[in-house]
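Student: Structure provided below as structure tokens; questions to follow.
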Amino acid sequence: MTLILLEGISFSYPDGREVLKDLDFRLEEGERIGLIGPNGSGKTTLFHVIMGLLTPDSGRIEILRRERRVEKDFRDVRQKIGLLFQDADDQLFSPTVLDDVAFGPLNQGKRTDEARAIACETLRSLGLEGFEGRVTHKLSGGEKKLVALATVLAMKPDALLLDEPTTGLDTETTDRIIEVLAGIDIGYVFISHNMDFLARTTHRIHGMENGRVLIEEERIVHTHVHAHDHGRLVHSHRDAEARATRSDND
Amino acid sequence: METGFEQGMSFAHRLDPRARLLVAAAFSVVVALANRFQALLPAAVGAVMLVILAGLPTGAVTRRLLVVNGLVALLWLFLPFTVRGPSWFHLGPLSVTLEGALYATRITLKSNAIVLVLIVLVSTMPVYTLGRAMRTLWVPRKIVQLFSFTYRYVHVILREYQRLITAARVRGFRPRTNLHTYRTYALLLGMLLVKSYERAERVRAAMLCRGFQGRFHDLTDFEFRAWDAAVAGFLGLGIVALALLEWLP
């Protein structure tokens, strides 16, 4: 099933900047797509258009097989598609972690005990047991990101949109996120500047430029040469190996 | 922003937050309206006893009282001299009236009593619990929302302010009494307002994206047990006694 279908979307900000120009985009069930592009190329804007936070000047939006045009159409989109914001502080607004993770399920109509159970279960699946009573604004940056992810996953979405999920995170937290995302079965779209992360988590990577998503792209074989201390000692780079085996199989 | 009083296992910490709010409110109203010393003195003594019973750190409590009494001290500078009445004694060219001194004493007793009771009953709960208690006590939803969100984001705004002022300082900014300084602070304040507004928009978007449609749901329930009823009842009786002392002829 096509989860998200955008055709001919154009959007300009009030100050006149045209950010999306006749853009086409498609996400199928179970697909994992990475979006990469220079700052200001409209990636976040694209996500906000999908979630109905911004109204495009022209074009057609079809999500989960239904056309979406007015605010009312998007209410159901927000319950079925999860958006993880760039800044976790914008996403964590409830007093405690448990409150925030339960916010989504409660809005979906779940009863208090159900919502609490879902929240605890989601936290556990992210390795965040014991965080239930913590106050959100006192968490570290990595913890906030993980909790923000939990708040979105608790709604059991059909698709995930992640806006720069690994920015500012250390390798350990990044690995944890990758593990979690590998374990779930839904389609997702990531925006990231981290090629390694995208390579490990997505099937395809699209560039975004001039307000459009570039669908057809050349694959060019190339080598990454780098240097660091103790290069002569026997060692391996996990990411490079993973990428190498993938391009071998393609 | 924490008061430091939230940790503890005293009767005040364990009493149901709603009961605490109601008792504190009732006490404040009665004491604010009272005028007879036969009501105000027991109120002040009672408040001090509650603080002792609650085992609150005396240093922290005293520091708060100093703030209140600073204002009260200002009143002492004026009231004994300005309230009408027969002269009690003279201080140089100025005359002190008994009425003035009594009036100032009443205000001292009232403010200290009310602040102490508020410290014991209200400062001893975490801010979010206070918000929840307010909501269950029919305080309008929107006011509680403003309260909770202000608390949540004041830290964020404080951090942004610190970042901005640091940015100014590393470029050689030093506050002095000149136009440049005033302009800088004004721009800083303006920037904070704009950033706060934009953040508010983003938080609203985040809430919409998690299905928010105007209603807040709450996970926790308060428990009002027999013990709460007993303690609240006891405190309530104390307040009734104060009221009787004040208004019974």
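Identifiers in the structure tokens: chain A, B, ... in order shown; residue index from 1 per chain; ligand index from 1 in order shown.
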Show me, as a PyMOL selection string, the residues that have an atom within 12 Å of Ile119 in chain B when counting only C-alpha atoms, minus same-chain residues fewer than 5 positions from it.
Tutor: chain B and resi 3-6+12-13+20-21+24+47-48+50-52+54-58+60-65+112-114+124-125
Student: Within 10 Å of chain A, which residues of chain B are there when counting only C-alpha atoms? Please give them as a VMD selection string.
Tutor: chain B and resid 127 to 129 148 to 149 151 to 153 155 to 156 199 to 220
Student: Determine, counting only C-alpha atoms, which protein, DNA and RNA residues have an atom within 8 Å of an atom of range 177-182 of chain A; residues of the same chain fewer than 2 positions away are not included. Present the result as number ranges by chain.
Tutor: A: 125-126, 146, 173-175, 184-185, 197, 200-201
Student: Can you write out the residues you just picked, keeping C-alpha atoms, as a JSON list (two decimals), in the first residue's frame?
Tutor:
```json
[["chain", "number", "residue", "atom", "x", "y", "z"],
["A", 125, "SER", "CA", 11.52, -1.50, 24.25],
["A", 126, "LEU", "CA", 13.86, 1.48, 24.02],
["A", 146, "LEU", "CA", 15.21, 8.65, 22.98],
["A", 173, "THR", "CA", 22.80, 6.56, 21.55],
["A", 174, "THR", "CA", 22.89, 6.53, 17.75],
["A", 175, "ASP", "CA", 23.44, 2.78, 17.83],
["A", 184, "ILE", "CA", 10.15, -2.13, 13.80],
["A", 185, "ASP", "CA", 8.30, -3.04, 10.70],
["A", 197, "PHE", "CA", 23.55, 6.39, 9.64],
["A", 200, "ARG", "CA", 22.77, 1.48, 7.88],
["A", 201, "THR", "CA", 19.10, 2.23, 8.21]]
```
Student: Smallest atom-to-atom distance to Phe222 in chain B: which of B:Ala73, B:Ala19, B:Ala25, B:Met9, using only C-alpha atoms?
Tutor: B:Ala19
Student: Using DSSP on the backbone coordinates, identify the residues of range 33-238 of chain A assigned to helix (DSSP H, G or I); present them as a ChimeraX atom specification.
Tutor: /A:43-50,71-80,88-91,97-107,112-125,136-138,141-153,171-183,195-201,238
Student: For those residues, write C-alpha atoms to a file as an mmCIF file, in the first residue's frame.
Tutor:
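After the write, selection12.cif holds the following:
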```cif
data_model
loop_
_atom_site.group_PDB
_atom_site.id
_atom_site.type_symbol
_atom_site.label_atom_id
_atom_site.label_comp_id
_atom_site.auth_asym_id
_atom_site.auth_seq_id
_atom_site.Cartn_x
_atom_site.Cartn_y
_atom_site.Cartn_z
ATOM 1 C CA LYS A 43 13.321 18.756 3.872
ATOM 2 C CA THR A 44 11.660 19.828 7.102
ATOM 3 C CA THR A 45 9.062 21.759 5.103
ATOM 4 C CA LEU A 46 8.240 18.574 3.240
ATOM 5 C CA PHE A 47 7.595 16.774 6.520
ATOM 6 C CA HIS A 48 5.417 19.582 7.790
ATOM 7 C CA VAL A 49 3.361 19.521 4.579
ATOM 8 C CA ILE A 50 2.829 15.773 4.978
ATOM 9 C CA GLU A 71 -7.310 20.429 8.502
ATOM 10 C CA LYS A 72 -9.958 17.865 9.352
ATOM 11 C CA ASP A 73 -8.423 15.369 6.905
ATOM 12 C CA PHE A 74 -5.092 15.580 8.698
ATOM 13 C CA ARG A 75 -6.303 14.712 12.188
ATOM 14 C CA ASP A 76 -6.284 11.083 11.283
ATOM 15 C CA VAL A 77 -2.886 11.431 9.560
ATOM 16 C CA ARG A 78 -1.340 12.634 12.814
ATOM 17 C CA GLN A 79 -2.542 9.601 14.640
ATOM 18 C CA LYS A 80 -1.150 7.210 12.062
ATOM 19 C CA ALA A 88 13.605 17.227 21.297
ATOM 20 C CA ASP A 89 12.799 20.104 23.636
ATOM 21 C CA ASP A 90 9.923 21.076 21.369
ATOM 22 C CA GLN A 91 8.520 17.594 21.649
ATOM 23 C CA VAL A 97 8.544 11.006 30.894
ATOM 24 C CA LEU A 98 5.586 8.696 31.468
ATOM 25 C CA ASP A 99 3.136 11.556 31.006
ATOM 26 C CA ASP A 100 4.746 12.537 27.722
ATOM 27 C CA VAL A 101 4.865 9.032 26.280
ATOM 28 C CA ALA A 102 1.248 8.450 27.323
ATOM 29 C CA PHE A 103 0.101 11.733 25.773
ATOM 30 C CA GLY A 104 -0.225 10.234 22.294
ATOM 31 C CA PRO A 105 -2.166 7.094 23.306
ATOM 32 C CA LEU A 106 -4.468 9.159 25.529
ATOM 33 C CA ASN A 107 -5.276 11.376 22.560
ATOM 34 C CA THR A 112 -5.740 5.710 31.430
ATOM 35 C CA ASP A 113 -4.578 2.228 32.405
ATOM 36 C CA GLU A 114 -4.168 1.183 28.771
ATOM 37 C CA ALA A 115 -2.195 4.330 27.965
ATOM 38 C CA ARG A 116 0.031 3.795 30.976
ATOM 39 C CA ALA A 117 0.692 0.193 29.960
ATOM 40 C CA ILE A 118 1.529 1.185 26.379
ATOM 41 C CA ALA A 119 3.840 3.903 27.627
ATOM 42 C CA CYS A 120 5.712 1.561 29.963
ATOM 43 C CA GLU A 121 6.012 -1.052 27.240
ATOM 44 C CA THR A 122 7.368 1.482 24.730
ATOM 45 C CA LEU A 123 9.918 2.799 27.218
ATOM 46 C CA ARG A 124 11.034 -0.733 27.933
ATOM 47 C CA SER A 125 11.517 -1.499 24.251
ATOM 48 C CA THR A 136 11.590 15.777 31.037
ATOM 49 C CA HIS A 137 13.476 19.036 31.059
ATOM 50 C CA LYS A 138 16.222 17.601 33.236
ATOM 51 C CA GLY A 141 20.340 15.527 25.117
ATOM 52 C CA GLY A 142 20.574 11.852 24.178
ATOM 53 C CA GLU A 143 17.980 10.809 26.728
ATOM 54 C CA LYS A 144 15.610 13.499 25.465
ATOM 55 C CA LYS A 145 15.963 12.217 21.906
ATOM 56 C CA LEU A 146 15.207 8.648 22.984
ATOM 57 C CA VAL A 147 12.206 9.731 25.036
ATOM 58 C CA ALA A 148 10.954 11.851 22.131
ATOM 59 C CA LEU A 149 11.217 8.765 19.933
ATOM 60 C CA ALA A 150 9.259 6.821 22.545
ATOM 61 C CA THR A 151 6.490 9.420 22.552
ATOM 62 C CA VAL A 152 6.049 8.922 18.815
ATOM 63 C CA LEU A 153 6.396 5.119 18.809
ATOM 64 C CA THR A 171 27.689 6.817 18.947
ATOM 65 C CA GLU A 172 26.143 4.784 21.737
ATOM 66 C CA THR A 173 22.795 6.562 21.547
ATOM 67 C CA THR A 174 22.894 6.526 17.751
ATOM 68 C CA ASP A 175 23.444 2.780 17.826
ATOM 69 C CA ARG A 176 20.523 2.364 20.185
ATOM 70 C CA ILE A 177 18.263 4.277 17.843
ATOM 71 C CA ILE A 178 19.437 2.243 14.872
ATOM 72 C CA GLU A 179 18.721 -0.970 16.785
ATOM 73 C CA VAL A 180 15.220 0.146 17.660
ATOM 74 C CA LEU A 181 14.436 1.263 14.133
ATOM 75 C CA ALA A 182 15.758 -1.980 12.691
ATOM 76 C CA GLY A 183 13.337 -3.852 14.909
ATOM 77 C CA MET A 195 25.692 9.181 5.513
ATOM 78 C CA ASP A 196 26.788 6.299 7.722
ATOM 79 C CA PHE A 197 23.547 6.390 9.636
ATOM 80 C CA LEU A 198 21.485 6.524 6.464
ATOM 81 C CA ALA A 199 23.472 3.723 4.908
ATOM 82 C CA ARG A 200 22.773 1.480 7.878
ATOM 83 C CA THR A 201 19.105 2.230 8.209
ATOM 84 C CA ARG A 238 32.029 -1.479 10.994
#
```
Student: Please indicate the distance in Å from CA of Ala226 in chain B to CA of Val23 in chain B, rounded to one decimal place.
Tutor: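 Between these atoms lies a distance of 16.4 Å.
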Student: Tell me, which residues of chain B carry DSSP strand (DSSP E or B), written as a list in words?
Tutor: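 Here is the list: Ser87, Trp88, Phe89, His90, Leu91, Leu94, Ser95, Val96 and Thr97 of chain B.
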Student: Find the residues near range 235-242 of chain B: any atom within 9 Å, counting only C-alpha atoms, skip ones fewer than 4 places away on the same chain, and give them as a list of chain:residue names.
Tutor: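 My reading of the contact set: B:Val23, B:Ala26, B:Phe27, B:Val30, B:Val31, B:Ala34, B:Gln38, B:Ala39, B:Leu40, B:Pro42, B:Ala43, B:Gly46, B:Ala230, B:Val231, B:Glu246, B:Trp247.
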Student: Could you write those residues out with N, CA and C atoms, as a short mmCIF file (atom, residue, chain, number, x, y, z; two decimals), in the first residue's frame?
Tutor:
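Contents of selection04.cif, as written:
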```cif
data_model
loop_
_atom_site.label_atom_id
_atom_site.label_comp_id
_atom_site.auth_asym_id
_atom_site.auth_seq_id
_atom_site.Cartn_x
_atom_site.Cartn_y
_atom_site.Cartn_z
N VAL B 23 -6.57 23.95 52.64
CA VAL B 23 -6.24 24.42 53.99
C VAL B 23 -5.43 25.71 53.92
N ALA B 26 -7.74 28.57 52.91
CA ALA B 26 -8.65 28.97 53.98
C ALA B 26 -7.90 29.75 55.05
N PHE B 27 -6.73 29.23 55.43
CA PHE B 27 -5.93 29.91 56.44
C PHE B 27 -5.58 31.33 55.99
N VAL B 30 -8.64 33.70 56.16
CA VAL B 30 -9.03 34.03 57.54
C VAL B 30 -8.02 34.98 58.16
N VAL B 31 -6.76 34.68 58.02
CA VAL B 31 -5.72 35.50 58.66
C VAL B 31 -5.64 36.88 58.01
N ALA B 34 -8.39 38.88 59.47
CA ALA B 34 -8.45 39.04 60.93
C ALA B 34 -7.77 40.31 61.39
N GLN B 38 -5.98 38.41 69.46
CA GLN B 38 -6.29 37.10 70.03
C GLN B 38 -6.46 36.04 68.94
N ALA B 39 -6.61 36.48 67.70
CA ALA B 39 -6.65 35.54 66.58
C ALA B 39 -5.29 35.48 65.88
N LEU B 40 -4.65 36.65 65.74
CA LEU B 40 -3.40 36.72 64.98
C LEU B 40 -2.24 36.04 65.70
N PRO B 42 -2.26 33.43 67.96
CA PRO B 42 -2.31 31.97 67.79
C PRO B 42 -2.01 31.55 66.35
N ALA B 43 -2.45 32.36 65.36
CA ALA B 43 -2.19 32.00 63.96
C ALA B 43 -0.69 31.96 63.69
N GLY B 46 0.88 29.07 65.59
CA GLY B 46 0.50 27.83 64.92
C GLY B 46 1.32 27.61 63.66
N ALA B 230 -8.23 12.94 58.42
CA ALA B 230 -7.98 13.27 59.83
C ALA B 230 -7.09 14.51 59.95
N VAL B 231 -5.98 14.50 59.23
CA VAL B 231 -5.05 15.63 59.32
C VAL B 231 -5.69 16.90 58.80
N GLU B 246 -11.72 35.46 66.07
CA GLU B 246 -11.75 36.77 65.43
C GLU B 246 -13.15 37.36 65.43
N TRP B 247 -14.15 36.55 65.08
CA TRP B 247 -15.44 37.12 64.80
C TRP B 247 -16.51 36.90 65.88
#
```
Student: Taking 2 positions as the minimum chain separation for residues in the same chain, which residues sit within 8 Å of Phe25 in chain A when counting only C-alpha atoms? Answer as JSON, numbers by chain.
Tutor: {"A": [4, 5, 6, 7, 23, 27, 213]}
Student: I'd like the neighbourhood of Asp16 in chain B as a short mmCIF file (atom, residue, chain, number, x, y, z; two decimals) with C-alpha atoms, in the first residue's frame, where a residue qualifies if any of its atoms comes within 9 Å (using only C-alpha atoms), though same-chain residues fewer than 6 positions away should be ignored.
Tutor:
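Printed below is selection_38.cif as written:
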```
data_model
loop_
_atom_site.label_atom_id
_atom_site.label_comp_id
_atom_site.auth_asym_id
_atom_site.auth_seq_id
_atom_site.Cartn_x
_atom_site.Cartn_y
_atom_site.Cartn_z
CA ALA B 133 -4.14 19.74 42.38
CA PHE B 222 -4.90 11.48 43.95
CA GLU B 223 -5.71 9.31 46.93
CA PHE B 224 -7.68 10.72 49.79
CA ARG B 225 -7.44 8.27 52.65
CA ASP B 228 -5.67 12.65 54.98
CA ALA B 229 -9.16 13.36 56.23
CA ALA B 232 -6.99 17.96 57.05
#
```
Student: Quick one: distance from CA of Gly42 in chain A to CA of Val19 in chain A in Å, one decimal?
Tutor: 5.4 Å
Student: Could you pull the residues within 6 Å of range 93-100 of chain B, counting only C-alpha atoms, minus those fewer than 5 positions along the same chain, as a list of chain:residue names?
Tutor: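 My list of contacting residues is B:Leu79, B:Pro80, B:Phe81, B:Val83, B:Gly85, B:Pro86, B:Ser87, B:Trp88.
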Student: Quote the spacing between CA of Thr55 in chain A and CA of Gly30 in chain A in Å to one decimal place.
Tutor: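 About the pair CA of Thr55 in chain A and CA of Gly30 in chain A: they are 26.5 Å apart.
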